[in-house]
>>> print(open('model.cif').read())   # mmCIF, C-alpha atoms and all ligand atoms
data_entry
#
loop_
_atom_site.group_PDB
_atom_site.id
_atom_site.type_symbol
_atom_site.label_atom_id
_atom_site.label_comp_id
_atom_site.auth_asym_id
_atom_site.auth_seq_id
_atom_site.Cartn_x
_atom_site.Cartn_y
_atom_site.Cartn_z
ATOM 1 C CA MET A 2 72.721 108.351 83.530
ATOM 2 C CA ALA A 3 70.211 105.575 82.978
ATOM 3 C CA LYS A 4 66.793 105.505 84.554
ATOM 4 C CA ILE A 5 66.755 102.720 87.148
ATOM 5 C CA ILE A 6 63.880 100.321 86.527
ATOM 6 C CA ASP A 7 62.639 99.623 90.046
ATOM 7 C CA GLY A 8 61.464 96.007 90.150
ATOM 8 C CA LYS A 9 60.782 96.174 93.855
ATOM 9 C CA LYS A 10 58.318 99.029 93.431
ATOM 10 C CA ILE A 11 56.655 97.597 90.307
ATOM 11 C CA SER A 12 56.313 94.126 91.868
ATOM 12 C CA GLN A 13 54.734 95.723 94.943
ATOM 13 C CA GLU A 14 52.222 97.558 92.706
ATOM 14 C CA ILE A 15 51.306 94.266 91.023
ATOM 15 C CA LYS A 16 50.932 92.436 94.349
ATOM 16 C CA ALA A 17 48.734 95.244 95.710
ATOM 17 C CA GLU A 18 46.499 94.954 92.597
ATOM 18 C CA LEU A 19 46.331 91.181 93.085
ATOM 19 C CA LYS A 20 45.432 91.567 96.773
ATOM 20 C CA GLU A 21 42.404 93.647 95.753
ATOM 21 C CA LYS A 22 41.436 91.094 93.108
ATOM 22 C CA VAL A 23 41.714 88.224 95.621
ATOM 23 C CA ALA A 24 39.380 90.075 98.017
ATOM 24 C CA VAL A 25 36.803 90.488 95.236
ATOM 25 C CA LEU A 26 37.122 86.817 94.262
ATOM 26 C CA LYS A 27 36.759 85.763 97.907
ATOM 27 C CA ALA A 28 33.599 87.804 98.265
ATOM 28 C CA ALA A 29 32.264 85.928 95.223
ATOM 29 C CA GLY A 30 33.125 82.607 96.913
ATOM 30 C CA LYS A 31 36.209 81.899 94.781
ATOM 31 C CA THR A 32 39.248 80.787 96.740
ATOM 32 C CA GLY A 33 42.170 78.435 96.302
ATOM 33 C CA ALA A 34 45.585 77.431 97.544
ATOM 34 C CA LEU A 35 49.080 77.214 96.092
ATOM 35 C CA ALA A 36 50.932 73.989 96.901
ATOM 36 C CA VAL A 37 54.677 74.587 97.228
ATOM 37 C CA ILE A 38 56.883 71.488 97.162
ATOM 38 C CA GLN A 39 60.533 71.548 98.157
ATOM 39 C CA VAL A 40 62.739 68.453 98.084
ATOM 40 C CA GLY A 41 65.872 68.705 100.208
ATOM 41 C CA GLU A 42 67.249 71.710 102.028
ATOM 42 C CA ASP A 43 69.147 73.776 99.462
ATOM 43 C CA PRO A 44 69.503 77.154 101.271
ATOM 44 C CA ALA A 45 68.812 79.288 98.152
ATOM 45 C CA SER A 46 65.671 77.231 97.424
ATOM 46 C CA SER A 47 64.525 77.662 101.042
ATOM 47 C CA VAL A 48 64.745 81.459 100.644
ATOM 48 C CA TYR A 49 62.733 81.363 97.394
ATOM 49 C CA VAL A 50 60.119 79.076 98.970
ATOM 50 C CA ARG A 51 59.797 81.344 102.010
ATOM 51 C CA ASN A 52 59.381 84.415 99.769
ATOM 52 C CA LYS A 53 56.670 82.638 97.782
ATOM 53 C CA LYS A 54 54.766 81.713 100.948
ATOM 54 C CA ASN A 55 55.039 85.301 102.203
ATOM 55 C CA ALA A 56 53.718 86.618 98.888
ATOM 56 C CA CYS A 57 50.722 84.260 99.131
ATOM 57 C CA ALA A 58 50.008 85.491 102.646
ATOM 58 C CA TYR A 59 50.242 89.121 101.472
ATOM 59 C CA ILE A 60 47.801 88.791 98.573
ATOM 60 C CA GLY A 61 45.483 86.639 100.694
ATOM 61 C CA ILE A 62 45.709 83.148 99.237
ATOM 62 C CA GLU A 63 46.549 80.036 101.183
ATOM 63 C CA SER A 64 49.866 78.259 100.663
ATOM 64 C CA LEU A 65 50.363 74.584 101.487
ATOM 65 C CA ALA A 66 53.980 73.691 102.200
ATOM 66 C CA TYR A 67 55.361 70.246 101.395
ATOM 67 C CA GLU A 68 58.921 70.038 102.690
ATOM 68 C CA LEU A 69 60.217 66.638 101.638
ATOM 69 C CA PRO A 70 63.539 65.036 102.577
ATOM 70 C CA GLU A 71 66.416 64.845 100.066
ATOM 71 C CA SER A 72 65.908 61.043 99.998
ATOM 72 C CA THR A 73 62.381 61.360 98.509
ATOM 73 C CA THR A 74 62.099 59.095 95.471
ATOM 74 C CA GLU A 75 60.847 60.214 92.085
ATOM 75 C CA ALA A 76 57.848 57.871 92.462
ATOM 76 C CA GLU A 77 56.923 59.419 95.831
ATOM 77 C CA LEU A 78 57.107 62.925 94.405
ATOM 78 C CA LEU A 79 55.031 61.980 91.344
ATOM 79 C CA LYS A 80 52.421 60.398 93.652
ATOM 80 C CA LEU A 81 52.150 63.596 95.703
ATOM 81 C CA ILE A 82 51.755 65.675 92.535
ATOM 82 C CA GLU A 83 48.989 63.369 91.321
ATOM 83 C CA GLU A 84 47.172 63.760 94.676
ATOM 84 C CA LEU A 85 47.480 67.546 94.424
ATOM 85 C CA ASN A 86 46.259 67.475 90.808
ATOM 86 C CA GLN A 87 43.060 65.870 92.143
ATOM 87 C CA LYS A 88 42.569 68.205 95.121
ATOM 88 C CA GLU A 89 39.809 70.690 94.392
ATOM 89 C CA GLU A 90 41.114 73.479 96.638
ATOM 90 C CA VAL A 91 44.641 73.384 95.167
ATOM 91 C CA LYS A 92 44.681 75.787 92.224
ATOM 92 C CA GLY A 93 48.433 75.939 91.686
ATOM 93 C CA ILE A 94 51.313 73.463 92.118
ATOM 94 C CA LEU A 95 54.904 74.621 92.306
ATOM 95 C CA VAL A 96 57.906 72.325 92.600
ATOM 96 C CA GLN A 97 60.980 74.306 93.586
ATOM 97 C CA LEU A 98 63.881 73.613 91.211
ATOM 98 C CA PRO A 99 66.568 72.365 91.112
ATOM 99 C CA LEU A 100 65.594 68.891 92.294
ATOM 100 C CA PRO A 101 68.122 66.365 93.646
ATOM 101 C CA GLY A 102 69.981 64.525 90.856
ATOM 102 C CA HIS A 103 68.056 61.244 91.241
ATOM 103 C CA ILE A 104 64.758 62.899 90.247
ATOM 104 C CA CYS A 105 64.047 63.737 86.583
ATOM 105 C CA GLU A 106 62.880 67.366 86.446
ATOM 106 C CA ASP A 107 61.184 66.966 83.060
ATOM 107 C CA LYS A 108 59.085 64.054 84.339
ATOM 108 C CA VAL A 109 58.052 66.093 87.383
ATOM 109 C CA ILE A 110 57.159 69.186 85.338
ATOM 110 C CA GLN A 111 55.079 67.056 82.974
ATOM 111 C CA ALA A 112 53.235 65.410 85.877
ATOM 112 C CA ILE A 113 51.721 68.721 86.989
ATOM 113 C CA SER A 114 48.271 69.308 85.520
ATOM 114 C CA PRO A 115 48.532 72.157 82.948
ATOM 115 C CA LYS A 116 45.484 73.635 84.730
ATOM 116 C CA LYS A 117 47.635 74.076 87.875
ATOM 117 C CA ASP A 118 50.992 74.769 86.195
ATOM 118 C CA VAL A 119 51.499 78.239 87.696
ATOM 119 C CA ASP A 120 55.236 78.199 86.887
ATOM 120 C CA GLY A 121 54.343 77.863 83.195
ATOM 121 C CA PHE A 122 56.961 75.156 82.581
ATOM 122 C CA HIS A 123 54.680 72.343 81.313
ATOM 123 C CA PRO A 124 55.081 71.671 77.569
ATOM 124 C CA GLN A 125 51.365 72.441 77.114
ATOM 125 C CA SER A 126 51.829 75.900 78.705
ATOM 126 C CA VAL A 127 54.926 76.530 76.577
ATOM 127 C CA GLY A 128 53.054 75.428 73.439
ATOM 128 C CA ALA A 129 50.085 77.682 74.248
ATOM 129 C CA MET A 130 52.434 80.644 74.742
ATOM 130 C CA THR A 131 54.199 79.870 71.464
ATOM 131 C CA ILE A 132 51.013 80.021 69.393
ATOM 132 C CA GLY A 133 49.465 82.839 71.426
ATOM 133 C CA GLU A 134 46.752 80.810 73.154
ATOM 134 C CA LYS A 135 45.630 81.251 76.746
ATOM 135 C CA GLY A 136 47.756 79.552 79.398
ATOM 136 C CA PHE A 137 50.189 80.253 82.198
ATOM 137 C CA LEU A 138 53.220 82.304 81.180
ATOM 138 C CA SER A 139 56.672 81.537 82.489
ATOM 139 C CA CYS A 140 57.073 83.911 85.454
ATOM 140 C CA THR A 141 60.488 85.541 84.923
ATOM 141 C CA PRO A 142 59.956 86.468 81.244
ATOM 142 C CA ALA A 143 56.375 87.591 81.952
ATOM 143 C CA GLY A 144 57.743 89.753 84.787
ATOM 144 C CA ILE A 145 60.234 91.377 82.413
ATOM 145 C CA ILE A 146 57.426 92.279 79.987
ATOM 146 C CA GLN A 147 55.596 93.924 82.907
ATOM 147 C CA LEU A 148 58.754 95.808 83.936
ATOM 148 C CA LEU A 149 59.113 97.184 80.400
ATOM 149 C CA LYS A 150 55.420 98.041 79.994
ATOM 150 C CA ARG A 151 55.137 99.720 83.367
ATOM 151 C CA SER A 152 58.329 101.713 82.675
ATOM 152 C CA ASP A 153 56.861 102.941 79.350
ATOM 153 C CA VAL A 154 59.484 101.183 77.243
ATOM 154 C CA ASP A 155 58.072 100.834 73.730
ATOM 155 C CA MET A 156 58.811 97.352 72.363
ATOM 156 C CA GLU A 157 57.091 97.507 68.978
ATOM 157 C CA GLY A 158 59.553 97.294 66.088
ATOM 158 C CA LYS A 159 62.535 97.564 68.435
ATOM 159 C CA HIS A 160 65.507 95.263 68.044
ATOM 160 C CA CYS A 161 65.665 93.073 71.129
ATOM 161 C CA VAL A 162 68.668 90.834 71.705
ATOM 162 C CA VAL A 163 68.103 88.099 74.303
ATOM 163 C CA ILE A 164 71.316 86.457 75.519
ATOM 164 C CA GLY A 165 70.561 82.930 76.737
ATOM 165 C CA ARG A 166 68.345 80.166 75.361
ATOM 166 C CA SER A 167 67.267 78.251 78.474
ATOM 167 C CA ASN A 168 63.757 76.840 78.653
ATOM 168 C CA ILE A 169 62.850 78.923 81.708
ATOM 169 C CA VAL A 170 64.269 82.315 80.682
ATOM 170 C CA GLY A 171 65.863 82.822 77.242
ATOM 171 C CA LYS A 172 63.441 80.974 74.951
ATOM 172 C CA PRO A 173 60.147 82.122 76.536
ATOM 173 C CA MET A 174 61.577 85.638 76.811
ATOM 174 C CA ALA A 175 62.236 85.763 73.074
ATOM 175 C CA LEU A 176 58.699 84.508 72.344
ATOM 176 C CA LEU A 177 57.090 87.082 74.612
ATOM 177 C CA MET A 178 59.103 89.909 73.033
ATOM 178 C CA LEU A 179 57.927 88.666 69.649
ATOM 179 C CA ARG A 180 54.346 88.874 70.936
ATOM 180 C CA GLU A 181 55.032 92.527 71.735
ATOM 181 C CA ASN A 182 56.090 93.016 68.097
ATOM 182 C CA ALA A 183 59.784 93.431 68.795
ATOM 183 C CA THR A 184 62.321 92.157 66.252
ATOM 184 C CA VAL A 185 64.088 89.464 68.230
ATOM 185 C CA THR A 186 67.558 87.932 68.074
ATOM 186 C CA ILE A 187 68.526 85.088 70.411
ATOM 187 C CA ALA A 188 72.218 84.860 71.290
ATOM 188 C CA HIS A 189 73.838 81.956 73.144
ATOM 189 C CA SER A 190 77.132 80.326 74.023
ATOM 190 C CA ARG A 191 77.926 79.505 70.365
ATOM 191 C CA THR A 192 77.028 82.938 68.995
ATOM 192 C CA LYS A 193 79.865 84.647 67.105
ATOM 193 C CA ASN A 194 80.772 88.320 67.588
ATOM 194 C CA LEU A 195 78.560 88.714 70.667
ATOM 195 C CA PRO A 196 79.652 92.304 71.507
ATOM 196 C CA GLU A 197 78.904 93.546 67.946
ATOM 197 C CA LEU A 198 75.520 91.809 67.938
ATOM 198 C CA CYS A 199 74.532 93.128 71.364
ATOM 199 C CA LYS A 200 75.589 96.641 70.356
ATOM 200 C CA GLN A 201 72.789 96.602 67.767
ATOM 201 C CA ALA A 202 70.136 96.041 70.442
ATOM 202 C CA ASP A 203 67.605 98.695 71.433
ATOM 203 C CA ILE A 204 66.610 96.338 74.260
ATOM 204 C CA LEU A 205 69.244 93.955 75.625
ATOM 205 C CA ILE A 206 68.005 91.146 77.886
ATOM 206 C CA VAL A 207 70.848 89.298 79.593
ATOM 207 C CA ALA A 208 70.289 85.773 80.988
ATOM 208 C CA ILE A 209 73.715 84.181 80.693
ATOM 209 C CA GLY A 210 74.241 83.029 84.272
ATOM 210 C CA LYS A 211 77.788 84.471 84.481
ATOM 211 C CA PRO A 212 78.547 87.210 86.991
ATOM 212 C CA ARG A 213 79.350 90.675 85.559
ATOM 213 C CA PHE A 214 79.870 89.299 82.034
ATOM 214 C CA ILE A 215 78.348 92.170 80.049
ATOM 215 C CA GLY A 216 80.303 95.427 80.086
ATOM 216 C CA ALA A 217 80.186 98.722 78.212
ATOM 217 C CA GLU A 218 81.500 97.195 74.959
ATOM 218 C CA TYR A 219 78.227 95.232 74.551
ATOM 219 C CA VAL A 220 75.811 98.129 74.936
ATOM 220 C CA LYS A 221 74.580 100.740 72.448
ATOM 221 C CA GLU A 222 74.182 104.309 73.706
ATOM 222 C CA GLY A 223 70.592 104.707 74.919
ATOM 223 C CA ALA A 224 69.731 100.983 74.994
ATOM 224 C CA VAL A 225 67.427 99.497 77.644
ATOM 225 C CA VAL A 226 69.277 96.784 79.591
ATOM 226 C CA ILE A 227 67.514 94.049 81.581
ATOM 227 C CA ASP A 228 69.745 91.923 83.809
ATOM 228 C CA VAL A 229 68.248 88.537 84.744
ATOM 229 C CA GLY A 230 71.365 87.092 86.402
ATOM 230 C CA ILE A 231 71.624 86.577 90.154
ATOM 231 C CA HIS A 232 74.959 85.731 91.752
ATOM 232 C CA ARG A 233 76.809 86.236 94.993
ATOM 233 C CA ASN A 234 80.225 87.837 94.551
ATOM 234 C CA GLU A 235 83.335 87.164 96.626
ATOM 235 C CA ASN A 236 82.059 89.584 99.325
ATOM 236 C CA ASN A 237 78.755 87.657 99.489
ATOM 237 C CA LYS A 238 76.952 90.589 97.835
ATOM 238 C CA LEU A 239 74.364 90.043 95.096
ATOM 239 C CA CYS A 240 75.305 90.961 91.531
ATOM 240 C CA GLY A 241 73.950 90.284 88.056
ATOM 241 C CA ASP A 242 75.259 89.241 84.635
ATOM 242 C CA VAL A 243 75.856 92.927 83.783
ATOM 243 C CA LYS A 244 78.569 95.281 85.025
ATOM 244 C CA PHE A 245 76.000 97.732 86.332
ATOM 245 C CA ASP A 246 78.550 100.443 87.195
ATOM 246 C CA GLU A 247 79.922 100.454 83.606
ATOM 247 C CA VAL A 248 76.649 100.128 81.732
ATOM 248 C CA GLU A 249 74.601 102.578 83.791
ATOM 249 C CA SER A 250 76.201 105.593 82.096
ATOM 250 C CA ILE A 251 75.510 104.276 78.556
ATOM 251 C CA ALA A 252 72.008 102.776 78.831
ATOM 252 C CA SER A 253 68.811 104.858 78.873
ATOM 253 C CA ALA A 254 67.260 102.467 81.425
ATOM 254 C CA ILE A 255 68.593 99.494 83.387
ATOM 255 C CA THR A 256 67.453 97.009 86.039
ATOM 256 C CA PRO A 257 69.592 96.721 89.179
ATOM 257 C CA VAL A 258 70.508 93.462 90.970
ATOM 258 C CA PRO A 259 69.026 93.060 93.520
ATOM 259 C CA GLY A 260 65.726 94.890 93.091
ATOM 260 C CA GLY A 261 65.200 94.453 89.332
ATOM 261 C CA VAL A 262 63.942 91.253 87.726
ATOM 262 C CA GLY A 263 64.082 89.096 90.891
ATOM 263 C CA PRO A 264 61.013 90.454 92.725
ATOM 264 C CA MET A 265 58.980 90.350 89.488
ATOM 265 C CA THR A 266 59.224 86.576 89.223
ATOM 266 C CA ILE A 267 57.272 86.086 92.460
ATOM 267 C CA ALA A 268 54.758 88.797 91.551
ATOM 268 C CA MET A 269 54.010 86.981 88.282
ATOM 269 C CA LEU A 270 53.739 83.655 90.094
ATOM 270 C CA MET A 271 51.063 85.275 92.261
ATOM 271 C CA SER A 272 49.404 86.629 89.126
ATOM 272 C CA ASN A 273 49.266 83.091 87.673
ATOM 273 C CA CYS A 274 47.736 81.781 90.931
ATOM 274 C CA VAL A 275 45.035 84.444 90.847
ATOM 275 C CA GLN A 276 44.388 83.668 87.157
ATOM 276 C CA SER A 277 43.948 80.002 88.113
ATOM 277 C CA ILE A 278 41.459 80.824 90.888
ATOM 278 C CA GLU A 279 39.596 83.195 88.577
ATOM 279 C CA GLU A 280 39.312 80.755 85.688
ATOM 280 C CA ASP A 281 38.359 77.686 87.697
HETATM 281 P P1 LIG B 1 71.171 78.678 82.044
HETATM 282 O O1 LIG B 1 72.529 78.388 82.567
HETATM 283 O O2 LIG B 1 70.172 77.588 81.896
HETATM 284 O O3 LIG B 1 71.319 79.351 80.598
HETATM 285 C C1 LIG B 1 72.323 80.268 80.309
HETATM 286 C C2 LIG B 1 72.291 80.589 78.841
HETATM 287 O O4 LIG B 1 73.328 81.519 78.555
HETATM 288 C C3 LIG B 1 72.500 79.387 77.925
HETATM 289 O O5 LIG B 1 71.435 79.282 77.036
HETATM 290 C C4 LIG B 1 73.807 79.659 77.208
HETATM 291 O O6 LIG B 1 73.740 79.350 75.819
HETATM 292 C C5 LIG B 1 74.006 81.161 77.389
HETATM 293 N N1 LIG B 1 75.429 81.479 77.558
HETATM 294 C C6 LIG B 1 76.288 80.936 78.451
HETATM 295 N N2 LIG B 1 77.531 81.462 78.269
HETATM 296 C C7 LIG B 1 77.428 82.333 77.247
HETATM 297 C C8 LIG B 1 78.353 83.163 76.597
HETATM 298 N N3 LIG B 1 79.634 83.210 76.954
HETATM 299 N N4 LIG B 1 77.924 83.936 75.592
HETATM 300 C C9 LIG B 1 76.630 83.902 75.207
HETATM 301 N N5 LIG B 1 75.692 83.138 75.802
HETATM 302 C C10 LIG B 1 76.097 82.355 76.801
HETATM 303 O O7 LIG B 1 70.613 79.849 82.940
HETATM 304 P P2 LIG B 1 69.092 80.394 83.171
HETATM 305 O O8 LIG B 1 68.345 79.432 83.980
HETATM 306 O O9 LIG B 1 68.530 80.866 81.877
HETATM 307 O O10 LIG B 1 69.413 81.652 84.096
HETATM 308 C C11 LIG B 1 70.245 82.715 83.685
HETATM 309 C C12 LIG B 1 70.553 83.606 84.877
HETATM 310 O O11 LIG B 1 69.332 84.172 85.331
HETATM 311 C C13 LIG B 1 71.159 82.899 86.077
HETATM 312 O O12 LIG B 1 72.082 83.787 86.695
HETATM 313 C C14 LIG B 1 69.990 82.651 86.985
HETATM 314 O O13 LIG B 1 70.358 82.581 88.354
HETATM 315 C C15 LIG B 1 69.154 83.861 86.705
HETATM 316 N N6 LIG B 1 67.733 83.692 86.922
HETATM 317 C C16 LIG B 1 67.102 84.675 87.585
HETATM 318 C C17 LIG B 1 65.740 84.599 87.797
HETATM 319 C C18 LIG B 1 65.048 85.721 88.505
HETATM 320 O O14 LIG B 1 63.966 85.540 89.005
HETATM 321 N N7 LIG B 1 65.646 86.887 88.540
HETATM 322 C C19 LIG B 1 65.005 83.500 87.334
HETATM 323 C C20 LIG B 1 65.675 82.512 86.617
HETATM 324 C C21 LIG B 1 67.040 82.631 86.415
#
>>> encode(input="model.cif", output="structure tokens", more="lines below")
Ligand code: NAD
Amino acid sequence: MAKIIDGKKISQEIKAELKEKVAVLKAAGKTGALAVIQVGEDPASSVYVRNKKNACAYIGIESLAYELPESTTEAELLKLIEELNQKEEVKGILVQLPLPGHICEDKVIQAISPKKDVDGFHPQSVGAMTIGEKGFLSCTPAGIIQLLKRSDVDMEGKHCVVIGRSNIVGKPMALLMLRENATVTIAHSRTKNLPELCKQADILIVAIGKPRFIGAEYVKEGAVVIDVGIHRNENNKLCGDVKFDEVESIASAITPVPGGVGPMTIAMLMSNCVQSIEED
């Protein structure tokens, strides 16, 4: 039976470390706020936004909520971002995605000052990560690296297959694994012989966005399996991209859904906020 990688516990450890760091920074006169912008009332986004505000409160940094109506124009949103870019006390700006269809997400991401880009989505942050320079790391992939490190999973020289090539998960994930000296393969919707390829992986990171897609036939005996997917099944229960019940008996370690990768994303967002306060 696989070891369960407990993202809830590890994310709590990270947040507790950050809380201590924030107290030290405060004592040295260094403070700052995270601005959280939500456009519209998508229920899933509202849950994420609430969790982010709660995490800020826990570690001891201020969060400023901007809840804008669905009808907000792109120009209005860009104006708000520009104002927040200029505000001294705002050290991080987060725009909850997805945005309504009439607003261009790329334009919005690029409007955020790279100095406050705590989601790590700005092209400058992505470029810095690619060439190994300092900058904010994309939260979900950075959280997965922490999960692996804090579970004593050795990445050096291991074959890591990442399924998915999105800008927010697959691509940055592959780059961060490369930084850890893994040998990385990126698989995607056009990849041929996916089960055979995945079966070669020592570490299999699954970010496909399709519920319970990966079963036993994709997993090598003893592999470490990280499931990034989040879905609600027909009974309204959360599940991932991996058939946990099938894969658990083959893998040496696996993340559950919920309680695996999900909580790490917010912990790493908090880590980026603290980094921003520290470096300012
Ligand atoms: P996405 O839809 O942007 O990308 C999915 C990727 O999977 C694509 O690159 C595509 O090429 C690949 N893919 C699709 N079908 C495939 C197939 N049949 N075979 C091989 N590859 C295939 O999704 P995303 O934004 O990268 O997110 C992936 C999943 O992770 C989603 O379920 C999302 O909800 C979840 N997610 C979780 C967190 C978290 O904090 N836990 C954060 C971001 C995303």
>>> atom_distance(input="model.cif", atom1="CA of Lys20 (chain A)", atom2="CA of Ile38 (chain A)")
23.1 Å
>>> residues_around(input="model.cif", residues="Ala208 (chain A)", least_positions_apart="6", cutoff="12 Å", atoms="all atoms listed in the file", output="PyMOL selection string")
chain A and resi 141-142+145+162-175+187-190+214-215+226-232+241-243+262
>>> resolve_selection(input="model.cif", expression="the PyMOL selection byres (((chain A and resi 98) around 9) and not hetatm)", output="mmCIF file with C-alpha atoms, in the frame of the given file")
data_model
loop_
_atom_site.group_PDB
_atom_site.id
_atom_site.type_symbol
_atom_site.label_atom_id
_atom_site.label_comp_id
_atom_site.auth_asym_id
_atom_site.auth_seq_id
_atom_site.Cartn_x
_atom_site.Cartn_y
_atom_site.Cartn_z
ATOM 1 C CA GLN A 39 60.533 71.548 98.157
ATOM 2 C CA VAL A 40 62.739 68.453 98.084
ATOM 3 C CA SER A 46 65.671 77.231 97.424
ATOM 4 C CA VAL A 96 57.906 72.325 92.600
ATOM 5 C CA GLN A 97 60.980 74.306 93.586
ATOM 6 C CA PRO A 99 66.568 72.365 91.112
ATOM 7 C CA LEU A 100 65.594 68.891 92.294
ATOM 8 C CA PRO A 101 68.122 66.365 93.646
ATOM 9 C CA GLU A 106 62.880 67.366 86.446
#
>>> atom_distance(input="model.cif", atom1="CA of Ile132 (chain A)", atom2="CA of Val23 (chain A)")
29.0 Å
>>> residues_around(input="model.cif", residues="Leu138 (chain A)", least_positions_apart="2", cutoff="8 Å", atoms="all atoms listed in the file", output="PyMOL selection string")
chain A and resi 119-121+126-127+130+136+140+142-143+273
>>> atom_distance(input="model.cif", atom1="CA of Lys150 (chain A)", atom2="CA of Phe137 (chain A)")
18.7 Å
>>> resolve_selection(input="model.cif", expression="the PyMOL selection byres (((chain A and resi 42) around 9) and not hetatm)", output="list in words")
Gln39, Val40, Gly41, Asp43, Pro44, Ala45, Ser46, Ser47, Glu68, Leu69, Pro70 and Glu71 of chain A
>>> resolve_selection(input="model.cif", expression="the PyMOL selection byres (((chain A and resi 264) around 10) and not hetatm)", output="MDAnalysis selection string")
chainID A and resid 7:13 52 141 144 259:263 265:269
>>> closest_residue(input="model.cif", among="A:Gly33, A:Pro257, A:Ile5, A:Gly210", to="ligand LIG 1 (chain B)", atoms="only C-alpha atoms and all ligand atoms")
A:Gly210
>>> closest_residue(input="model.cif", among="A:Arg233, A:Ser250, A:Lys221, A:Asp153", to="ligand LIG 1 (chain B)", atoms="all atoms listed in the file")
A:Arg233
>>> closest_residue(input="model.cif", among="A:Val258, A:Cys199, A:Leu179, A:Leu78", to="Arg213 (chain A)", atoms="all atoms listed in the file")
A:Val258
>>> residues_around(input="model.cif", residues="Ala36 (chain A)", least_positions_apart="6", cutoff="12 Å", atoms="only C-alpha atoms", output="PDB file with C-alpha atoms, in the frame of the given file")
ATOM      1  CA  VAL A  50      60.119  79.076  98.970  1.00  0.00           C
ATOM      2  CA  LYS A  53      56.670  82.638  97.782  1.00  0.00           C
ATOM      3  CA  LYS A  54      54.766  81.713 100.948  1.00  0.00           C
ATOM      4  CA  CYS A  57      50.722  84.260  99.131  1.00  0.00           C
ATOM      5  CA  ILE A  62      45.709  83.148  99.237  1.00  0.00           C
ATOM      6  CA  GLU A  63      46.549  80.036 101.183  1.00  0.00           C
ATOM      7  CA  SER A  64      49.866  78.259 100.663  1.00  0.00           C
ATOM      8  CA  LEU A  65      50.363  74.584 101.487  1.00  0.00           C
ATOM      9  CA  ALA A  66      53.980  73.691 102.200  1.00  0.00           C
ATOM     10  CA  TYR A  67      55.361  70.246 101.395  1.00  0.00           C
ATOM     11  CA  GLU A  68      58.921  70.038 102.690  1.00  0.00           C
ATOM     12  CA  LEU A  81      52.150  63.596  95.703  1.00  0.00           C
ATOM     13  CA  ILE A  82      51.755  65.675  92.535  1.00  0.00           C
ATOM     14  CA  GLU A  84      47.172  63.760  94.676  1.00  0.00           C
ATOM     15  CA  LEU A  85      47.480  67.546  94.424  1.00  0.00           C
ATOM     16  CA  ASN A  86      46.259  67.475  90.808  1.00  0.00           C
ATOM     17  CA  LYS A  88      42.569  68.205  95.121  1.00  0.00           C
ATOM     18  CA  GLU A  89      39.809  70.690  94.392  1.00  0.00           C
ATOM     19  CA  GLU A  90      41.114  73.479  96.638  1.00  0.00           C
ATOM     20  CA  VAL A  91      44.641  73.384  95.167  1.00  0.00           C
ATOM     21  CA  LYS A  92      44.681  75.787  92.224  1.00  0.00           C
ATOM     22  CA  GLY A  93      48.433  75.939  91.686  1.00  0.00           C
ATOM     23  CA  ILE A  94      51.313  73.463  92.118  1.00  0.00           C
ATOM     24  CA  LEU A  95      54.904  74.621  92.306  1.00  0.00           C
ATOM     25  CA  VAL A  96      57.906  72.325  92.600  1.00  0.00           C
ATOM     26  CA  GLN A  97      60.980  74.306  93.586  1.00  0.00           C
ATOM     27  CA  ILE A 113      51.721  68.721  86.989  1.00  0.00           C
ATOM     28  CA  LYS A 117      47.635  74.076  87.875  1.00  0.00           C
ATOM     29  CA  ASP A 118      50.992  74.769  86.195  1.00  0.00           C
ATOM     30  CA  VAL A 119      51.499  78.239  87.696  1.00  0.00           C
ATOM     31  CA  ASP A 120      55.236  78.199  86.887  1.00  0.00           C
ATOM     32  CA  CYS A 274      47.736  81.781  90.931  1.00  0.00           C
TER      33      CYS A 274
END
